[in-house]
Amino acid sequence: LTMNPTLNFQAGNIAALPFKILEENEKKIIEKITENCVEISKSEWDSRETSWDFGRFALVDSSKLTVDNSQLSTSNFQLISNAFDLYTKFWSEKFFEMHRNEEELNRLFIEIYGLEDEMTPDVDLKDITLLKKELLRRKSAKKGKEGEEDEEAGLILDSEGKLQFNKEEIIKQFISYAVGCIMGRYSLDKEGLVIANSDDRLIINSGELIVKGEDGEIRHTIPNPTFIPDAYGIIPVVSEDGIFTNDLLTRFIEFVGTVYGKDTLKENLDFIACALEGKDSVDSPKETIKKYLLKDFITDHIQRYSKRPIYWMFNSGKENGFNCLVYMHRYNPMTIAQIRTDYLLHYQGILENMRNNIENELEQNETENFLSASDKKEKSKKLKDLSSSLNEISKYAILIKDYADRKISIDLDDGVKDNYDKFKELLVKIK
């Protein structure tokens, strides 16, 4: 527009553009570097489950990662910490390779156009757009006073200039992938999506998993599966342990043991819990992981999927009295009835028995005084918590029965938002 504000360009306008025909050797060098940049960027994008071409998460299978010209696989590892180290080494190499490419392209074009006295090829590390969430970065300083420059957010490097990775974010991505395998969306034995259509039906036979369409078409067959997904894609997420054999914490621990082996399960759960807390040690890894699954997983999932969650958390309210995770792509008109009968009512009955037992114990203690002061205080608190949860669950049970009786259908073609809104009274609110 500066050269010609109209839609009609003349030969002189084109000739005035700062364009130069490259030599053949220059073109080949630039094309090779550019192709390498595209390859790295695509590999980075596809490493996340929100990519259409996502295969498996790197901490589970990094057989495609090459470090120092040697190929290693997490299948050789029994510790997730070793897999994490391989992940960070690989992506550190790719990050700095991209940085070198960017600077080399700058140098080449500066030389081609004779701009050596005008520009430098230097590229700040913060301008490399790989691993936006996976690397630790400084927060931008608040806007300064007039005349002062704002401090820009930059990468955090160690004393040797090495990249520092956001262990918490990477472990949360690992947990998300684990939930996908539990739900049947992914499989340890097959890259990419496994169950992702509204008419996909999972058949679990002895030694084989089969995914069929409603017309009987076999879409996936997995012989001798390493990890068995949930039969219905319905997973309870509750605070009380040992009530369900398929609650999310139990199945997640099973997943970790399957991937890395049972002999190192304690060390691996420690690593995961410490990453979630940002600490070197935690008192109870299982409680830490359970707290994340119960309170924060769904928030992270909603954010990761840009407020279009594929896993829906049925939630009784602020007390978190009852939660149940459902895979949207495996929902059917009987799903809510199944949540109610198989999980909600059963859990409600268990909690009522627990409350009654504590009430009887405290009442008996009034005459026999067999509880210590600390035990009495702990049981009184537990009684209060149970009463709050049961009050919330009782109201939720009435609401969920209404929805169960209506046998609502969904259509994936309508999109997540429209389908989610059909059940918004029952689900975690999307803010």
# chains A, B, ... in the order shown; residues from 1 in each chain; ligands from 1
$ residues_around --residues "stretch 111-117 of chain A" --least-positions-apart "5" --cutoff "10 Å" --atoms "only C-alpha atoms" --output "list in words"
Pro18, Phe19, Lys20, Ile21, Leu22, Glu23, Glu26, Leu105 and Asn106 of chain A
$ residues_around --residues "A:Phe255" --least-positions-apart "3" --cutoff "10 Å" --atoms "only C-alpha atoms" --output "PDB file with N, CA, C and O atoms, in the first residue's frame"
ATOM      1  N   ILE A 175      -0.466 -37.736  33.195  1.00  0.00           N
ATOM      2  CA  ILE A 175      -1.709 -38.157  33.858  1.00  0.00           C
ATOM      3  C   ILE A 175      -2.877 -38.090  32.879  1.00  0.00           C
ATOM      4  O   ILE A 175      -3.729 -38.989  32.849  1.00  0.00           O
ATOM      5  N   ALA A 178      -2.727 -41.033  30.721  1.00  0.00           N
ATOM      6  CA  ALA A 178      -3.135 -42.212  31.493  1.00  0.00           C
ATOM      7  C   ALA A 178      -4.657 -42.301  31.565  1.00  0.00           C
ATOM      8  O   ALA A 178      -5.233 -43.391  31.381  1.00  0.00           O
ATOM      9  N   VAL A 179      -5.312 -41.170  31.825  1.00  0.00           N
ATOM     10  CA  VAL A 179      -6.782 -41.152  31.862  1.00  0.00           C
ATOM     11  C   VAL A 179      -7.335 -41.562  30.503  1.00  0.00           C
ATOM     12  O   VAL A 179      -8.325 -42.303  30.418  1.00  0.00           O
ATOM     13  N   CYS A 181      -6.002 -43.637  28.390  1.00  0.00           N
ATOM     14  CA  CYS A 181      -5.889 -45.095  28.281  1.00  0.00           C
ATOM     15  C   CYS A 181      -6.924 -45.797  29.151  1.00  0.00           C
ATOM     16  O   CYS A 181      -7.476 -46.838  28.768  1.00  0.00           O
ATOM     17  N   ILE A 182      -7.196 -45.238  30.322  1.00  0.00           N
ATOM     18  CA  ILE A 182      -8.216 -45.804  31.212  1.00  0.00           C
ATOM     19  C   ILE A 182      -9.590 -45.735  30.557  1.00  0.00           C
ATOM     20  O   ILE A 182     -10.399 -46.664  30.660  1.00  0.00           O
ATOM     21  N   LEU A 188      -1.874 -48.370  25.109  1.00  0.00           N
ATOM     22  CA  LEU A 188      -0.425 -48.552  25.150  1.00  0.00           C
ATOM     23  C   LEU A 188       0.069 -49.377  23.970  1.00  0.00           C
ATOM     24  O   LEU A 188       1.245 -49.316  23.612  1.00  0.00           O
ATOM     25  N   THR A 226      -1.860 -54.712  26.767  1.00  0.00           N
ATOM     26  CA  THR A 226      -1.023 -54.468  27.945  1.00  0.00           C
ATOM     27  C   THR A 226      -1.838 -53.919  29.102  1.00  0.00           C
ATOM     28  O   THR A 226      -1.599 -54.252  30.262  1.00  0.00           O
ATOM     29  N   PHE A 227      -2.830 -53.080  28.779  1.00  0.00           N
ATOM     30  CA  PHE A 227      -3.645 -52.420  29.810  1.00  0.00           C
ATOM     31  C   PHE A 227      -5.094 -52.444  29.355  1.00  0.00           C
ATOM     32  O   PHE A 227      -5.401 -52.056  28.215  1.00  0.00           O
ATOM     33  N   ILE A 228      -5.995 -52.868  30.225  1.00  0.00           N
ATOM     34  CA  ILE A 228      -7.416 -52.982  29.888  1.00  0.00           C
ATOM     35  C   ILE A 228      -8.142 -51.689  30.260  1.00  0.00           C
ATOM     36  O   ILE A 228      -8.108 -51.273  31.429  1.00  0.00           O
ATOM     37  N   PRO A 229      -8.807 -51.024  29.311  1.00  0.00           N
ATOM     38  CA  PRO A 229      -9.578 -49.821  29.650  1.00  0.00           C
ATOM     39  C   PRO A 229     -10.860 -50.179  30.383  1.00  0.00           C
ATOM     40  O   PRO A 229     -11.251 -51.353  30.450  1.00  0.00           O
ATOM     41  N   LEU A 249      -8.087 -43.160  41.131  1.00  0.00           N
ATOM     42  CA  LEU A 249      -6.781 -43.335  41.762  1.00  0.00           C
ATOM     43  C   LEU A 249      -6.292 -44.776  41.609  1.00  0.00           C
ATOM     44  O   LEU A 249      -5.128 -45.008  41.247  1.00  0.00           O
ATOM     45  N   THR A 250      -7.169 -45.737  41.858  1.00  0.00           N
ATOM     46  CA  THR A 250      -6.797 -47.148  41.748  1.00  0.00           C
ATOM     47  C   THR A 250      -6.344 -47.487  40.337  1.00  0.00           C
ATOM     48  O   THR A 250      -5.315 -48.149  40.128  1.00  0.00           O
ATOM     49  N   ARG A 251      -7.101 -47.025  39.353  1.00  0.00           N
ATOM     50  CA  ARG A 251      -6.774 -47.338  37.966  1.00  0.00           C
ATOM     51  C   ARG A 251      -5.511 -46.605  37.505  1.00  0.00           C
ATOM     52  O   ARG A 251      -4.733 -47.135  36.707  1.00  0.00           O
ATOM     53  N   PHE A 252      -5.293 -45.397  38.017  1.00  0.00           N
ATOM     54  CA  PHE A 252      -4.081 -44.675  37.652  1.00  0.00           C
ATOM     55  C   PHE A 252      -2.854 -45.390  38.207  1.00  0.00           C
ATOM     56  O   PHE A 252      -1.839 -45.541  37.515  1.00  0.00           O
ATOM     57  N   THR A 258       1.742 -50.846  35.355  1.00  0.00           N
ATOM     58  CA  THR A 258       1.784 -51.554  34.078  1.00  0.00           C
ATOM     59  C   THR A 258       2.907 -51.018  33.190  1.00  0.00           C
ATOM     60  O   THR A 258       3.636 -51.784  32.559  1.00  0.00           O
ATOM     61  N   VAL A 259       3.047 -49.709  33.154  1.00  0.00           N
ATOM     62  CA  VAL A 259       4.039 -49.081  32.266  1.00  0.00           C
ATOM     63  C   VAL A 259       5.463 -49.325  32.760  1.00  0.00           C
ATOM     64  O   VAL A 259       6.353 -49.693  31.983  1.00  0.00           O
ATOM     65  N   TYR A 260       5.688 -49.128  34.056  1.00  0.00           N
ATOM     66  CA  TYR A 260       7.061 -49.141  34.577  1.00  0.00           C
ATOM     67  C   TYR A 260       7.378 -50.348  35.453  1.00  0.00           C
ATOM     68  O   TYR A 260       8.539 -50.521  35.845  1.00  0.00           O
ATOM     69  N   GLY A 261       6.381 -51.154  35.742  1.00  0.00           N
ATOM     70  CA  GLY A 261       6.618 -52.327  36.578  1.00  0.00           C
ATOM     71  C   GLY A 261       6.228 -52.092  38.027  1.00  0.00           C
ATOM     72  O   GLY A 261       6.328 -50.977  38.541  1.00  0.00           O
TER      73      GLY A 261
END
$ closest_residue --among "A:Phe90, A:Leu209, A:Leu399, A:Lys431" --to "A:Ser306" --atoms "only C-alpha atoms"
A:Lys431
$ atom_distance --atom1 "atom CA of A:Ala273" --atom2 "atom CA of A:Pro285"
5.1 Å
$ closest_atom_pairs --of "stretch 73-133 of chain A" --to "stretch 41-49 of chain A" --cutoff "9 Å" --atoms "only C-alpha atoms" --output "Markdown table"
| residue | atom | partner | partner_atom | distance |
| --- | --- | --- | --- | --- |
| A:Trp91 | CA | A:Glu44 | CA | 8.5 |
| A:Met98 | CA | A:Ser41 | CA | 8.6 |
| A:Thr129 | CA | A:Ser41 | CA | 8.9 |
| A:Leu130 | CA | A:Glu44 | CA | 7.0 |
| A:Leu131 | CA | A:Glu44 | CA | 7.4 |
$ write_last_selection --atoms "N, CA and C atoms" --output "PDB file, in the first residue's frame"
ATOM      1  N   TRP A  91      14.376 -32.876  24.013  1.00  0.00           N
ATOM      2  CA  TRP A  91      13.796 -31.597  23.630  1.00  0.00           C
ATOM      3  C   TRP A  91      14.758 -30.431  23.844  1.00  0.00           C
ATOM      4  N   MET A  98      16.756 -25.780  16.832  1.00  0.00           N
ATOM      5  CA  MET A  98      15.877 -24.773  16.230  1.00  0.00           C
ATOM      6  C   MET A  98      16.480 -23.376  16.371  1.00  0.00           C
ATOM      7  N   THR A 129       9.619 -20.461  19.737  1.00  0.00           N
ATOM      8  CA  THR A 129       8.241 -20.704  20.201  1.00  0.00           C
ATOM      9  C   THR A 129       7.939 -22.172  20.510  1.00  0.00           C
ATOM     10  N   LEU A 130       8.956 -22.995  20.680  1.00  0.00           N
ATOM     11  CA  LEU A 130       8.728 -24.382  21.086  1.00  0.00           C
ATOM     12  C   LEU A 130       8.483 -24.463  22.589  1.00  0.00           C
ATOM     13  N   LEU A 131       7.761 -25.509  23.007  1.00  0.00           N
ATOM     14  CA  LEU A 131       7.640 -25.873  24.423  1.00  0.00           C
ATOM     15  C   LEU A 131       7.177 -24.708  25.295  1.00  0.00           C
TER      16      LEU A 131
END
$ residues_around --residues "A:Ile336" --least-positions-apart "4" --cutoff "9 Å" --atoms "only C-alpha atoms" --output "PDB file with N, CA and C atoms, in the first residue's frame"
ATOM      1  N   TYR A 331     -20.472 -42.013  25.813  1.00  0.00           N
ATOM      2  CA  TYR A 331     -21.774 -41.750  26.449  1.00  0.00           C
ATOM      3  C   TYR A 331     -22.882 -42.403  25.628  1.00  0.00           C
ATOM      4  N   ASN A 332     -23.893 -42.905  26.336  1.00  0.00           N
ATOM      5  CA  ASN A 332     -25.117 -43.374  25.687  1.00  0.00           C
ATOM      6  C   ASN A 332     -26.296 -43.004  26.583  1.00  0.00           C
ATOM      7  N   ARG A 340     -25.843 -43.488  38.395  1.00  0.00           N
ATOM      8  CA  ARG A 340     -26.701 -43.407  39.591  1.00  0.00           C
ATOM      9  C   ARG A 340     -26.751 -44.741  40.323  1.00  0.00           C
ATOM     10  N   THR A 341     -27.035 -45.828  39.605  1.00  0.00           N
ATOM     11  CA  THR A 341     -27.249 -47.116  40.280  1.00  0.00           C
ATOM     12  C   THR A 341     -25.940 -47.795  40.692  1.00  0.00           C
ATOM     13  N   ILE A 400     -30.100 -36.178  39.661  1.00  0.00           N
ATOM     14  CA  ILE A 400     -29.558 -37.099  38.662  1.00  0.00           C
ATOM     15  C   ILE A 400     -30.593 -38.152  38.257  1.00  0.00           C
ATOM     16  N   LYS A 401     -31.531 -38.477  39.155  1.00  0.00           N
ATOM     17  CA  LYS A 401     -32.589 -39.431  38.798  1.00  0.00           C
ATOM     18  C   LYS A 401     -33.468 -38.860  37.703  1.00  0.00           C
ATOM     19  N   TYR A 403     -32.583 -36.771  35.357  1.00  0.00           N
ATOM     20  CA  TYR A 403     -31.853 -36.864  34.092  1.00  0.00           C
ATOM     21  C   TYR A 403     -31.771 -38.312  33.612  1.00  0.00           C
ATOM     22  N   ALA A 404     -31.591 -39.246  34.533  1.00  0.00           N
ATOM     23  CA  ALA A 404     -31.504 -40.659  34.157  1.00  0.00           C
ATOM     24  C   ALA A 404     -32.804 -41.134  33.521  1.00  0.00           C
ATOM     25  N   ASP A 405     -33.934 -40.701  34.086  1.00  0.00           N
ATOM     26  CA  ASP A 405     -35.242 -41.111  33.563  1.00  0.00           C
ATOM     27  C   ASP A 405     -35.502 -40.558  32.168  1.00  0.00           C
ATOM     28  N   LYS A 407     -33.276 -40.215  29.745  1.00  0.00           N
ATOM     29  CA  LYS A 407     -32.477 -40.952  28.752  1.00  0.00           C
ATOM     30  C   LYS A 407     -32.076 -40.056  27.577  1.00  0.00           C
ATOM     31  N   ILE A 408     -31.364 -39.012  27.896  1.00  0.00           N
ATOM     32  CA  ILE A 408     -30.991 -38.003  26.901  1.00  0.00           C
ATOM     33  C   ILE A 408     -29.919 -38.538  25.956  1.00  0.00           C
TER      34      ILE A 408
END
$ closest_residue --among "A:Leu79, A:Ile272, A:Val282, A:Val194" --to "A:Gly55" --atoms "only C-alpha atoms"
A:Val194
$ select_by_dssp --residues "stretch 138-324 of chain A" --states "alpha helix (DSSP H)" --output "JSON, numbers by chain"
{"A": [167, 168, 169, 170, 171, 172, 173, 174, 175, 176, 177, 178, 179, 180, 181, 182, 183, 248, 249, 250, 251, 252, 253, 254, 255, 256, 257, 258, 259, 260, 265, 266, 267, 268, 269, 270, 271, 272, 273, 274, 275, 276, 277, 285, 286, 287, 288, 289, 290, 291, 297, 298, 299, 300, 301, 302, 303, 304]}
$ closest_residue --among "A:Ile243, A:Ile110, A:Leu371, A:Leu265" --to "A:Ser81" --atoms "only C-alpha atoms"
A:Leu265
$ residues_around --residues "A:Ser316" --least-positions-apart "5" --cutoff "8 Å" --atoms "only C-alpha atoms" --output "VMD selection string"
chain A and resid 321 to 323 392 to 393 396 426 to 427
$ write_last_selection --atoms "N, CA, C and O atoms" --output "PDB file, in the first residue's frame"
ATOM      1  N   GLY A 321     -18.774 -34.113  47.241  1.00  0.00           N
ATOM      2  CA  GLY A 321     -19.279 -35.320  47.881  1.00  0.00           C
ATOM      3  C   GLY A 321     -19.211 -36.519  46.961  1.00  0.00           C
ATOM      4  O   GLY A 321     -18.859 -37.625  47.389  1.00  0.00           O
ATOM      5  N   PHE A 322     -19.543 -36.306  45.703  1.00  0.00           N
ATOM      6  CA  PHE A 322     -19.501 -37.395  44.721  1.00  0.00           C
ATOM      7  C   PHE A 322     -19.049 -36.839  43.378  1.00  0.00           C
ATOM      8  O   PHE A 322     -19.503 -35.781  42.937  1.00  0.00           O
ATOM      9  N   ASN A 323     -18.128 -37.568  42.737  1.00  0.00           N
ATOM     10  CA  ASN A 323     -17.663 -37.212  41.393  1.00  0.00           C
ATOM     11  C   ASN A 323     -17.566 -38.473  40.556  1.00  0.00           C
ATOM     12  O   ASN A 323     -17.218 -39.547  41.068  1.00  0.00           O
ATOM     13  N   GLU A 392     -25.203 -32.995  50.501  1.00  0.00           N
ATOM     14  CA  GLU A 392     -25.023 -32.609  49.104  1.00  0.00           C
ATOM     15  C   GLU A 392     -25.411 -33.751  48.161  1.00  0.00           C
ATOM     16  O   GLU A 392     -26.101 -33.543  47.158  1.00  0.00           O
ATOM     17  N   ILE A 393     -24.983 -34.965  48.505  1.00  0.00           N
ATOM     18  CA  ILE A 393     -25.267 -36.125  47.657  1.00  0.00           C
ATOM     19  C   ILE A 393     -26.758 -36.413  47.590  1.00  0.00           C
ATOM     20  O   ILE A 393     -27.290 -36.786  46.528  1.00  0.00           O
ATOM     21  N   TYR A 396     -28.240 -34.171  45.128  1.00  0.00           N
ATOM     22  CA  TYR A 396     -27.756 -34.510  43.785  1.00  0.00           C
ATOM     23  C   TYR A 396     -28.442 -35.775  43.276  1.00  0.00           C
ATOM     24  O   TYR A 396     -28.734 -35.902  42.073  1.00  0.00           O
ATOM     25  N   LEU A 426     -25.529 -31.115  36.172  1.00  0.00           N
ATOM     26  CA  LEU A 426     -24.886 -32.269  36.785  1.00  0.00           C
ATOM     27  C   LEU A 426     -23.368 -32.213  36.739  1.00  0.00           C
ATOM     28  O   LEU A 426     -22.700 -32.957  37.452  1.00  0.00           O
ATOM     29  N   LEU A 427     -22.819 -31.338  35.888  1.00  0.00           N
ATOM     30  CA  LEU A 427     -21.390 -31.353  35.589  1.00  0.00           C
ATOM     31  C   LEU A 427     -20.656 -30.190  36.236  1.00  0.00           C
ATOM     32  O   LEU A 427     -21.257 -29.186  36.636  1.00  0.00           O
TER      33      LEU A 427
END
$ residues_around --residues "A:Asn357" --least-positions-apart "4" --cutoff "12 Å" --atoms "only C-alpha atoms" --output "PyMOL selection string"
chain A and resi 350-353+361-364+379-380+382-383+386
$ write_last_selection --atoms "N, CA, C and O atoms" --output "short mmCIF file (atom, residue, chain, number, x, y, z; two decimals), in the first residue's frame"
data_model
loop_
_atom_site.label_atom_id
_atom_site.label_comp_id
_atom_site.auth_asym_id
_atom_site.auth_seq_id
_atom_site.Cartn_x
_atom_site.Cartn_y
_atom_site.Cartn_z
N ILE A 350 -22.73 -46.40 51.48
CA ILE A 350 -21.48 -46.62 52.24
C ILE A 350 -21.23 -45.46 53.20
O ILE A 350 -20.89 -45.67 54.38
N LEU A 351 -21.40 -44.23 52.71
CA LEU A 351 -21.16 -43.06 53.56
C LEU A 351 -22.16 -42.99 54.71
O LEU A 351 -21.80 -42.61 55.83
N GLU A 352 -23.40 -43.40 54.45
CA GLU A 352 -24.41 -43.38 55.52
C GLU A 352 -24.04 -44.40 56.61
O GLU A 352 -24.19 -44.11 57.81
N ASN A 353 -23.55 -45.55 56.21
CA ASN A 353 -23.10 -46.54 57.20
C ASN A 353 -21.91 -46.02 58.00
O ASN A 353 -21.84 -46.22 59.23
N GLU A 361 -20.27 -44.66 67.83
CA GLU A 361 -19.01 -44.71 68.57
C GLU A 361 -18.88 -43.49 69.49
O GLU A 361 -18.48 -43.62 70.66
N LEU A 362 -19.22 -42.32 68.97
CA LEU A 362 -19.14 -41.10 69.79
C LEU A 362 -20.16 -41.12 70.91
O LEU A 362 -19.89 -40.66 72.03
N GLU A 363 -21.34 -41.66 70.62
CA GLU A 363 -22.38 -41.76 71.65
C GLU A 363 -21.95 -42.73 72.75
O GLU A 363 -22.14 -42.46 73.94
N GLN A 364 -21.37 -43.85 72.37
CA GLN A 364 -20.88 -44.82 73.34
C GLN A 364 -19.74 -44.24 74.18
O GLN A 364 -19.62 -44.51 75.38
N LYS A 379 -12.64 -37.91 64.93
CA LYS A 379 -13.91 -38.55 64.54
C LYS A 379 -15.05 -37.53 64.43
O LYS A 379 -15.92 -37.66 63.56
N SER A 380 -15.02 -36.53 65.27
CA SER A 380 -16.05 -35.48 65.20
C SER A 380 -15.93 -34.71 63.89
O SER A 380 -16.94 -34.36 63.26
N LYS A 382 -14.59 -35.93 61.12
CA LYS A 382 -15.00 -36.85 60.07
C LYS A 382 -16.52 -36.92 59.97
O LYS A 382 -17.09 -36.94 58.87
N LEU A 383 -17.18 -36.91 61.11
CA LEU A 383 -18.65 -36.94 61.14
C LEU A 383 -19.23 -35.70 60.48
O LEU A 383 -20.18 -35.79 59.70
N LEU A 386 -18.69 -35.99 56.70
CA LEU A 386 -19.61 -36.96 56.12
C LEU A 386 -21.02 -36.40 56.02
O LEU A 386 -21.72 -36.60 55.01
#
$ select_by_dssp --residues "stretch 170-289 of chain A" --states "strand (DSSP E)" --output "list in words"
Arg201, Leu202, Ile203, Ile204, Asn205, Glu208, Leu209, Ile210, Val211, Lys212, Ile218, Arg219, His220, Thr221, Ile222, Pro223, Ile234, Ile235 and Pro236 of chain A
$ write_last_selection --atoms "N, CA, C and O atoms" --output "compact mmCIF listing (two decimals), in the first residue's frame"
# COMPACT_ATOMS: atom_id res chain seq x y z
N ARG A 201 -17.97 -49.25 19.87
CA ARG A 201 -18.36 -50.14 20.95
C ARG A 201 -17.17 -51.01 21.33
O ARG A 201 -16.60 -51.69 20.46
N LEU A 202 -16.82 -51.00 22.60
CA LEU A 202 -15.67 -51.78 23.07
C LEU A 202 -16.12 -53.17 23.50
O LEU A 202 -17.05 -53.32 24.28
N ILE A 203 -15.45 -54.19 22.99
CA ILE A 203 -15.70 -55.57 23.37
C ILE A 203 -14.41 -56.10 24.00
O ILE A 203 -13.35 -56.10 23.37
N ILE A 204 -14.52 -56.54 25.27
CA ILE A 204 -13.36 -57.06 25.99
C ILE A 204 -13.49 -58.58 26.07
O ILE A 204 -14.32 -59.11 26.81
N ASN A 205 -12.69 -59.25 25.25
CA ASN A 205 -12.67 -60.71 25.28
C ASN A 205 -11.42 -61.18 25.98
O ASN A 205 -10.52 -60.40 26.29
N GLU A 208 -8.07 -60.20 24.19
CA GLU A 208 -8.26 -59.36 23.00
C GLU A 208 -9.24 -58.22 23.28
O GLU A 208 -10.22 -58.39 23.97
N LEU A 209 -8.92 -57.06 22.73
CA LEU A 209 -9.84 -55.93 22.72
C LEU A 209 -10.28 -55.68 21.29
O LEU A 209 -9.46 -55.66 20.37
N ILE A 210 -11.58 -55.47 21.11
CA ILE A 210 -12.13 -55.20 19.78
C ILE A 210 -13.00 -53.95 19.86
O ILE A 210 -13.82 -53.81 20.78
N VAL A 211 -12.81 -53.04 18.92
CA VAL A 211 -13.67 -51.86 18.82
C VAL A 211 -14.48 -51.99 17.53
O VAL A 211 -13.92 -52.08 16.43
N LYS A 212 -15.81 -52.03 17.68
CA LYS A 212 -16.70 -52.19 16.54
C LYS A 212 -17.62 -50.98 16.41
O LYS A 212 -17.94 -50.31 17.38
N ILE A 218 -15.39 -53.84 12.21
CA ILE A 218 -14.30 -53.90 13.17
C ILE A 218 -13.31 -52.78 12.86
O ILE A 218 -12.68 -52.77 11.81
N ARG A 219 -13.16 -51.85 13.80
CA ARG A 219 -12.30 -50.69 13.58
C ARG A 219 -10.91 -50.85 14.19
O ARG A 219 -9.95 -50.31 13.69
N HIS A 220 -10.84 -51.55 15.30
CA HIS A 220 -9.55 -51.80 15.93
C HIS A 220 -9.57 -53.18 16.59
O HIS A 220 -10.58 -53.57 17.18
N THR A 221 -8.47 -53.85 16.49
CA THR A 221 -8.28 -55.11 17.21
C THR A 221 -6.94 -55.06 17.91
O THR A 221 -5.92 -54.77 17.29
N ILE A 222 -6.95 -55.30 19.22
CA ILE A 222 -5.71 -55.27 19.99
C ILE A 222 -5.57 -56.61 20.71
O ILE A 222 -6.21 -56.84 21.74
N PRO A 223 -4.74 -57.50 20.17
CA PRO A 223 -4.54 -58.79 20.85
C PRO A 223 -3.62 -58.63 22.05
O PRO A 223 -2.70 -57.81 22.04
N ILE A 234 -16.74 -45.07 32.41
CA ILE A 234 -17.33 -44.40 33.58
C ILE A 234 -16.43 -44.68 34.78
O ILE A 234 -16.30 -45.84 35.20
N ILE A 235 -15.82 -43.65 35.34
CA ILE A 235 -14.84 -43.83 36.40
C ILE A 235 -15.20 -42.97 37.62
O ILE A 235 -15.21 -41.74 37.52
N PRO A 236 -15.49 -43.57 38.77
CA PRO A 236 -15.76 -42.77 39.97
C PRO A 236 -14.49 -42.09 40.47
O PRO A 236 -13.39 -42.65 40.38
$ atom_distance --atom1 "atom CA of A:Glu359" --atom2 "atom CA of A:Leu344"
22.4 Å
$ residues_around --residues "A:Arg330" --least-positions-apart "2" --cutoff "9 Å" --atoms "only C-alpha atoms" --output "list in words"
Met183, Gly184, Ile195, Ala196, Asn197, Ser198, Asp199, Asp200, Arg201, Tyr232, Gly233, Ile234, Val326, Tyr327, Met328, Asn332 and Thr335 of chain A
$ atom_distance --atom1 "atom CA of A:Lys172" --atom2 "atom CA of A:Asp296"
10.1 Å
$ closest_residue --among "A:Glu35, A:Asp385, A:Asp53, A:Asp247" --to "A:Asn101" --atoms "only C-alpha atoms"
A:Glu35
$ closest_residue --among "A:Asn25, A:Asn224, A:Ser389, A:Gln10" --to "A:Gly207" --atoms "only C-alpha atoms"
A:Asn224
$ residues_around --residues "A:Pro309" --least-positions-apart "4" --cutoff "12 Å" --atoms "only C-alpha atoms" --output "list of chain:residue names"
A:Thr50, A:Ser176, A:Phe297, A:Ile298, A:Thr299, A:Asp300, A:His301, A:Ile302, A:Gln303, A:Arg304, A:Tyr305, A:Met313, A:Leu325, A:Val326, A:Tyr327, A:Met328, A:His329, A:Gly415, A:Val416, A:Lys417, A:Asp418, A:Asn419, A:Tyr420, A:Asp421, A:Leu427, A:Val428, A:Lys429, A:Ile430
